[in-house]
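Novice: This is model06.cif, which holds mmCIF, C-alpha atoms:
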```cif
data_protein
loop_
_atom_site.label_atom_id
_atom_site.label_comp_id
_atom_site.auth_asym_id
_atom_site.auth_seq_id
_atom_site.Cartn_x
_atom_site.Cartn_y
_atom_site.Cartn_z
CA MET A 1 0.00 0.00 0.00
CA PHE A 2 2.69 2.46 1.00
CA SER A 3 4.99 1.46 -1.85
CA GLN A 4 2.20 2.52 -4.21
CA LEU A 5 2.35 5.98 -2.70
CA ARG A 6 6.03 6.20 -3.45
CA ARG A 7 5.57 4.98 -7.03
CA ILE A 8 3.31 7.94 -7.75
CA SER A 9 6.34 10.19 -7.74
CA LYS A 10 8.51 10.44 -10.83
CA CYS A 11 12.07 9.19 -10.60
CA LYS A 12 14.53 11.90 -9.73
CA GLN A 13 17.14 12.68 -12.36
CA PRO A 14 20.42 14.61 -12.08
CA VAL A 15 20.36 18.26 -12.98
CA VAL A 16 23.68 19.37 -14.47
CA ALA A 17 24.41 23.08 -14.68
CA ALA A 18 26.51 24.23 -17.63
CA PHE A 19 28.10 26.77 -15.34
CA VAL A 20 27.53 28.37 -11.97
CA ARG A 21 27.89 32.15 -11.92
CA THR A 22 28.19 34.17 -8.72
CA ALA A 23 28.97 37.78 -8.00
CA ARG A 24 32.55 36.79 -7.33
CA GLY A 25 33.38 34.43 -10.16
CA GLN A 26 32.30 31.91 -12.79
CA VAL A 27 33.05 28.31 -13.57
CA PRO A 28 33.59 27.72 -17.31
CA GLY A 29 30.94 25.52 -18.87
CA GLN A 30 33.34 22.86 -20.15
CA GLN A 31 34.98 22.41 -16.75
CA ALA A 32 31.69 22.29 -14.86
CA THR A 33 30.17 19.82 -17.30
CA ARG A 34 33.17 17.49 -17.01
CA GLN A 35 33.10 17.63 -13.21
CA ALA A 36 29.36 17.11 -13.04
CA SER A 37 29.53 14.16 -15.43
CA SER A 38 32.00 12.39 -13.17
CA ILE A 39 29.54 12.50 -10.28
CA ALA A 40 26.26 12.35 -12.17
CA LEU A 41 25.27 9.12 -10.46
CA ASN A 42 25.12 11.01 -7.19
CA ARG A 43 22.91 13.71 -8.72
CA THR A 44 25.39 16.34 -7.57
CA THR A 45 26.37 19.70 -9.03
CA PHE A 46 29.94 20.79 -8.32
CA ILE A 47 30.30 24.45 -7.35
CA HIS A 48 33.62 26.31 -7.20
CA PRO A 49 33.03 29.83 -5.87
CA GLN A 50 35.86 32.31 -5.57
CA ARG A 51 36.09 34.97 -2.88
CA LEU A 52 38.69 37.69 -2.45
CA ASN A 53 40.11 37.96 1.07
CA ALA A 54 40.18 41.68 1.92
CA ASN A 55 43.00 41.22 4.46
CA THR A 56 45.46 39.15 2.43
CA GLY A 57 44.38 40.05 -1.10
CA LEU A 58 44.39 36.34 -1.97
CA ILE A 59 41.57 34.53 -3.72
CA GLN A 60 40.03 31.92 -1.44
CA ARG A 61 38.48 28.93 -3.11
CA ARG A 62 35.60 27.05 -1.45
CA THR A 63 33.93 23.86 -2.56
CA MET A 64 30.31 22.92 -1.94
CA PHE A 65 28.21 20.08 -3.29
CA ILE A 66 24.55 20.84 -3.93
CA GLN A 67 22.39 17.88 -4.86
CA THR A 68 19.55 18.86 -7.18
CA ALA A 69 16.58 16.62 -7.90
CA THR A 70 13.46 17.00 -9.96
CA THR A 71 9.99 16.56 -8.47
CA PRO A 72 6.65 15.47 -9.95
CA ASN A 73 5.95 19.19 -10.29
CA GLU A 74 7.93 20.56 -13.23
CA ASP A 75 7.81 24.04 -11.67
CA ALA A 76 9.51 22.90 -8.45
CA LEU A 77 13.05 21.70 -7.76
CA GLN A 78 14.59 20.26 -4.64
CA PHE A 79 18.04 21.56 -3.65
CA ILE A 80 20.04 19.53 -1.11
CA PRO A 81 23.14 21.44 0.08
CA GLY A 82 24.62 18.53 2.02
CA VAL A 83 24.32 20.34 5.36
CA PRO A 84 21.42 20.55 7.84
CA VAL A 85 18.83 23.07 6.65
CA LEU A 86 16.07 23.15 9.26
CA GLY A 87 16.50 21.69 12.72
CA ASN A 88 18.98 19.35 14.32
CA PRO A 89 20.17 16.48 12.08
CA ASP A 90 20.24 14.23 15.17
CA THR A 91 16.47 14.52 15.66
CA SER A 92 13.72 12.80 13.72
CA SER A 93 11.61 15.96 13.32
CA MET A 94 9.87 16.24 9.95
CA ARG A 95 8.79 19.85 10.46
CA THR A 96 8.99 22.18 7.47
CA VAL A 97 8.72 25.94 7.01
CA GLU A 98 7.23 27.44 3.85
CA TYR A 99 7.08 30.99 2.52
CA THR A 100 4.65 31.75 -0.30
CA SER A 101 5.36 35.47 -0.75
CA PRO A 102 8.28 37.92 -0.44
CA ARG A 103 6.57 39.45 2.61
CA GLU A 104 6.57 36.09 4.40
CA GLY A 105 10.12 35.46 3.23
CA LEU A 106 11.39 38.44 5.23
CA LYS A 107 11.57 36.08 8.22
CA SER A 108 14.49 34.27 6.56
CA ALA A 109 17.65 35.75 5.06
CA LEU A 110 17.93 32.95 2.50
CA ALA A 111 14.25 33.18 1.49
CA THR A 112 14.60 36.95 1.08
CA ARG A 113 17.43 36.47 -1.38
CA LEU A 114 15.65 33.67 -3.23
CA PHE A 115 12.50 35.78 -3.65
CA ALA A 116 14.71 38.48 -5.17
CA ILE A 117 15.29 36.11 -8.10
CA GLU A 118 12.74 36.78 -10.81
CA GLY A 119 10.23 33.94 -11.15
CA VAL A 120 10.49 32.45 -7.63
CA ARG A 121 7.00 31.72 -6.33
CA SER A 122 7.59 29.94 -3.02
CA VAL A 123 10.38 28.58 -0.82
CA MET A 124 10.16 25.66 1.61
CA TYR A 125 12.77 24.37 4.07
CA GLY A 126 12.97 20.76 5.19
CA SER A 127 15.42 19.01 7.48
CA ASP A 128 18.08 18.76 4.76
CA PHE A 129 16.58 20.34 1.63
CA VAL A 130 15.26 23.56 0.11
CA THR A 131 12.34 23.38 -2.32
CA VAL A 132 11.97 26.28 -4.74
CA ARG A 133 8.77 26.66 -6.77
CA LYS A 134 8.73 28.99 -9.78
CA GLU A 135 6.35 30.67 -12.18
CA SER A 136 5.62 28.51 -15.23
CA ASP A 137 6.86 31.11 -17.73
CA HIS A 138 10.34 31.37 -16.20
CA PRO A 139 12.84 28.68 -17.36
CA TRP A 140 15.02 26.90 -14.83
CA GLN A 141 18.06 27.41 -17.05
CA LEU A 142 18.03 31.12 -16.26
CA MET A 143 17.15 30.77 -12.58
CA LYS A 144 19.33 27.92 -11.34
CA PRO A 145 22.69 29.74 -11.36
CA ASP A 146 21.30 32.46 -9.07
CA ILE A 147 19.61 29.88 -6.82
CA TYR A 148 22.85 27.90 -6.52
CA ALA A 149 24.72 31.08 -5.60
CA ALA A 150 22.14 32.13 -2.99
CA ILE A 151 22.12 28.74 -1.27
CA MET A 152 25.89 28.37 -1.40
CA ASP A 153 26.59 31.85 -0.02
CA HIS A 154 24.09 31.46 2.81
CA PHE A 155 25.28 28.11 4.15
CA SER A 156 28.93 29.08 3.68
CA SER A 157 28.43 32.28 5.69
CA GLY A 158 27.21 30.55 8.86
CA ARG A 159 24.30 32.98 9.24
CA PRO A 160 21.11 31.67 10.93
CA LEU A 161 18.42 30.44 8.56
CA LEU A 162 15.53 32.23 10.30
CA ARG A 163 15.64 35.87 11.38
CA GLU A 164 13.11 35.16 14.12
CA GLU A 165 12.06 31.94 15.80
CA ASP A 166 9.06 30.36 14.12
CA GLN A 167 6.62 29.68 16.95
CA SER A 168 4.05 27.84 14.81
CA SER A 169 3.47 24.25 15.90
CA ASP A 170 3.53 21.25 13.62
CA SER A 171 -0.02 20.35 12.58
CA MET A 172 0.88 16.66 12.87
CA ASN A 173 1.49 16.94 16.62
CA VAL A 174 -1.22 15.09 18.53
CA GLY A 175 -3.02 17.47 20.89
CA GLU A 176 -4.68 16.64 24.19
CA HIS A 177 -8.07 17.59 22.76
CA ASP A 178 -7.75 15.45 19.62
CA SER A 179 -10.18 12.55 19.33
CA GLU A 180 -8.92 9.00 18.96
CA ILE A 181 -9.67 9.03 15.22
CA VAL A 182 -7.87 12.34 14.67
CA SER A 183 -4.86 11.04 16.60
CA GLU A 184 -4.75 7.93 14.40
CA ILE A 185 -5.04 10.04 11.24
CA LYS A 186 -2.16 12.27 12.30
CA GLU A 187 0.03 9.33 13.24
CA LEU A 188 -0.55 7.63 9.89
CA LEU A 189 0.09 10.82 7.94
CA GLU A 190 3.26 11.47 9.92
CA SER A 191 4.73 7.98 9.71
CA ARG A 192 3.50 6.72 6.32
CA VAL A 193 2.63 9.61 4.01
CA ARG A 194 4.91 12.46 5.01
CA PRO A 195 8.24 10.70 4.33
CA ALA A 196 7.22 9.88 0.75
CA ILE A 197 5.96 13.41 0.06
CA GLN A 198 9.01 15.11 1.59
CA GLU A 199 11.22 12.87 -0.51
CA ASP A 200 9.80 14.74 -3.51
CA GLY A 201 10.28 18.18 -1.97
CA GLY A 202 6.73 18.61 -0.65
CA ASP A 203 4.82 18.35 2.59
CA LEU A 204 1.29 18.43 3.97
CA ASP A 205 -0.54 19.86 6.96
CA PHE A 206 -3.49 18.31 8.75
CA VAL A 207 -6.39 20.80 8.77
CA SER A 208 -9.49 18.99 10.07
CA PHE A 209 -11.60 15.83 10.16
CA ASN A 210 -15.39 15.92 9.83
CA GLU A 211 -16.80 13.01 11.83
CA GLY A 212 -20.18 13.44 10.14
CA THR A 213 -18.96 13.15 6.54
CA GLY A 214 -15.70 11.27 7.19
CA VAL A 215 -13.73 13.78 5.09
CA VAL A 216 -10.16 14.64 6.06
CA LYS A 217 -8.97 18.09 4.98
CA ILE A 218 -5.27 18.65 4.42
CA LYS A 219 -3.07 21.36 2.98
CA LEU A 220 -0.40 20.43 0.44
CA ARG A 221 2.84 22.44 0.53
CA GLY A 222 6.11 22.86 -1.31
CA ALA A 223 6.43 20.97 -4.59
CA CYS A 224 2.96 19.50 -4.06
CA ARG A 225 1.33 22.90 -4.63
CA GLY A 226 -0.06 23.13 -8.14
CA CYS A 227 1.30 19.70 -9.07
CA ALA A 228 -0.70 17.89 -11.74
CA SER A 229 -0.22 14.55 -9.98
CA SER A 230 -1.39 15.82 -6.57
CA SER A 231 -4.97 14.66 -7.21
CA VAL A 232 -3.66 11.16 -7.95
CA THR A 233 -1.54 11.25 -4.79
CA LEU A 234 -4.55 12.25 -2.71
CA LYS A 235 -6.97 9.73 -4.18
CA HIS A 236 -4.86 6.60 -4.56
CA GLY A 237 -2.20 7.32 -1.97
CA VAL A 238 -3.41 9.30 1.02
CA GLU A 239 -7.15 8.56 0.83
CA GLY A 240 -6.65 4.89 0.01
CA MET A 241 -4.29 4.33 2.90
CA LEU A 242 -6.32 6.25 5.50
CA SER A 243 -9.61 4.56 4.57
CA TYR A 244 -7.91 1.15 4.66
CA TYR A 245 -6.70 1.55 8.25
CA ILE A 246 -9.44 3.90 9.49
CA PRO A 247 -12.87 2.90 8.10
CA GLU A 248 -14.39 6.16 9.36
CA VAL A 249 -12.43 8.07 6.70
CA THR A 250 -14.40 8.37 3.45
CA GLY A 251 -12.37 10.97 1.57
CA VAL A 252 -9.45 13.42 1.58
CA GLU A 253 -9.55 16.99 0.27
CA ASP A 254 -6.78 19.52 -0.31
CA VAL A 255 -7.89 22.95 0.91
CA GLY A 256 -4.52 24.67 0.53
CA ASP A 257 -5.54 26.92 -2.36
CA GLU A 258 -8.80 27.77 -0.62
CA LEU A 259 -7.04 28.81 2.59
CA GLU A 260 -4.41 30.76 0.69
CA THR A 261 -7.06 32.64 -1.30
CA GLN A 262 -8.98 33.44 1.88
CA ALA A 263 -5.84 34.72 3.61
CA LYS A 264 -5.00 36.96 0.64
CA LYS A 265 -8.52 38.40 0.65
CA GLU A 266 -8.28 39.20 4.36
CA PHE A 267 -4.86 40.77 3.90
CA ASN A 268 -6.04 42.91 0.97
CA LYS A 269 -9.09 43.98 2.99
CA LEU A 270 -6.92 44.97 5.95
CA GLU A 271 -4.49 46.82 3.68
CA ALA A 272 -7.38 48.74 2.07
CA GLU A 273 -8.74 49.69 5.50
CA LEU A 274 -5.35 50.95 6.64
CA LYS A 275 -5.00 53.06 3.49
CA SER A 276 -8.51 54.40 3.99
CA ASP A 277 -7.77 55.33 7.61
CA GLY A 278 -4.59 57.05 6.52
CA LYS A 279 -6.42 59.19 4.00
CA SER A 280 -9.16 60.12 6.47
CA THR A 281 -6.63 61.46 8.97
CA GLU A 282 -4.94 63.68 6.43
#
```
I need this file expressed as structure tokens, please.
Specialist:
Amino acid sequence: MFSQLRRISKCKQPVVAAFVRTARGQVPGQQATRQASSIALNRTTFIHPQRLNANTGLIQRRTMFIQTATTPNEDALQFIPGVPVLGNPDTSSMRTVEYTSPREGLKSALATRLFAIEGVRSVMYGSDFVTVRKESDHPWQLMKPDIYAAIMDHFSSGRPLLREEDQSSDSMNVGEHDSEIVSEIKELLESRVRPAIQEDGGDLDFVSFNEGTGVVKIKLRGACRGCASSSVTLKHGVEGMLSYYIPEVTGVEDVGDELETQAKKEFNKLEAELKSDGKSTE
């Protein structure tokens, strides 16, 4: 049953950059292609940034491996820098943090820089990966060099990932007021579904369970947003597994777009009210 959920995802293939350009230097295409070809089986892109040391005047050369993998969503890529991204690598936490707008991205230095790249639509951090989702009309070939540079510079600098501590709790945590059915749903989603989805650069949040209709509402995140295969994942993967182990579950719905639209409407309404108040005081 759970292997079927994993088979829904497309196989990840290596992404080889012709060159990686940063503000401080460039790797010639022929050299980068040769290096990437030698490690293509590991789906790794070799990056050689150059930085001028202001004190000694010497060029310092740093090496970083960034693993890049495709996802079932052609507008989302998973970048794995080879270092811990979110949380302690010694823990088993599967928590993720996602930013869907430049305003939200201000909470993270890396997200702020990624949103400055034209075409970036959302950024999500996992335990050891960064998922970047783009606009459909922006090609990856033009965006990837800047994304590589942003990720490399951030994790090489040692700066904290988040500018302020994210106090939001993981929706998969079982609360003291959760019913027995809700607790079972969360445990199954956490242990069986979440690993497969995060493997493809996505994630999901538990929203609610209607005991009258038996419908579980979830919110897809990361690479799962706007993915053409998400409906298949929900129907044959998540819904099939939950209904098999929990007969009370009759269906699963993704309400992510609905919640996002509602939040944008409330924000626009609040912004209009603030502008109106400002004009009335003038």
Novice: Could you list the residues chosen by the PyMOL selection byres ((chain A and resi 93-104) around 6) in this structure as a ChimeraX atom specification?
Specialist: /A:91-92,105-106,115,122-126
Novice: Point out the residue among A:Gly175, A:Pro195, A:Gly226, A:Gly251 with the least atom-to-atom distance to Gly212 (chain A), counting only C-alpha atoms.
Specialist: A:Gly251
Novice: In terms of the shortest atom-to-atom distance over all atoms listed in the file, which of A:Lys107, A:Gly201, A:Ala69, A:Asp128 is closest to Leu86 (chain A)?
Specialist: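 Checking each candidate against Leu86 (chain A), we get A:Asp128 as the closest.
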Novice: Quick check, in Å to one decimal: how far apart do CA of Tyr148 (chain A) and CA of Leu220 (chain A) lie?
Specialist: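 Separation of CA of Tyr148 (chain A) and CA of Leu220 (chain A): 25.4 Å.
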Novice: Any chance you could resolve the PyMOL selection byres ((chain A and resi 110) around 9) against this file and give the residues as a PDB file with C-alpha atoms, keeping the file's coordinate frame?
Specialist:
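Written file, part-v1.pdb:
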```
ATOM      1  CA  GLY A 105      10.120  35.460   3.230  1.00  0.00           C
ATOM      2  CA  LEU A 106      11.390  38.440   5.230  1.00  0.00           C
ATOM      3  CA  SER A 108      14.490  34.270   6.560  1.00  0.00           C
ATOM      4  CA  ALA A 109      17.650  35.750   5.060  1.00  0.00           C
ATOM      5  CA  ALA A 111      14.250  33.180   1.490  1.00  0.00           C
ATOM      6  CA  THR A 112      14.600  36.950   1.080  1.00  0.00           C
ATOM      7  CA  ARG A 113      17.430  36.470  -1.380  1.00  0.00           C
ATOM      8  CA  LEU A 114      15.650  33.670  -3.230  1.00  0.00           C
ATOM      9  CA  PHE A 115      12.500  35.780  -3.650  1.00  0.00           C
ATOM     10  CA  ALA A 150      22.140  32.130  -2.990  1.00  0.00           C
ATOM     11  CA  ILE A 151      22.120  28.740  -1.270  1.00  0.00           C
ATOM     12  CA  HIS A 154      24.090  31.460   2.810  1.00  0.00           C
ATOM     13  CA  PHE A 155      25.280  28.110   4.150  1.00  0.00           C
ATOM     14  CA  LEU A 161      18.420  30.440   8.560  1.00  0.00           C
ATOM     15  CA  LEU A 162      15.530  32.230  10.300  1.00  0.00           C
TER      16      LEU A 162
END
```
Novice: What is the CA of Pro145 (chain A) to CA of Pro81 (chain A) distance in Å?
Specialist: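 Result for CA of Pro145 (chain A) versus CA of Pro81 (chain A): 14.1 Å, one decimal.
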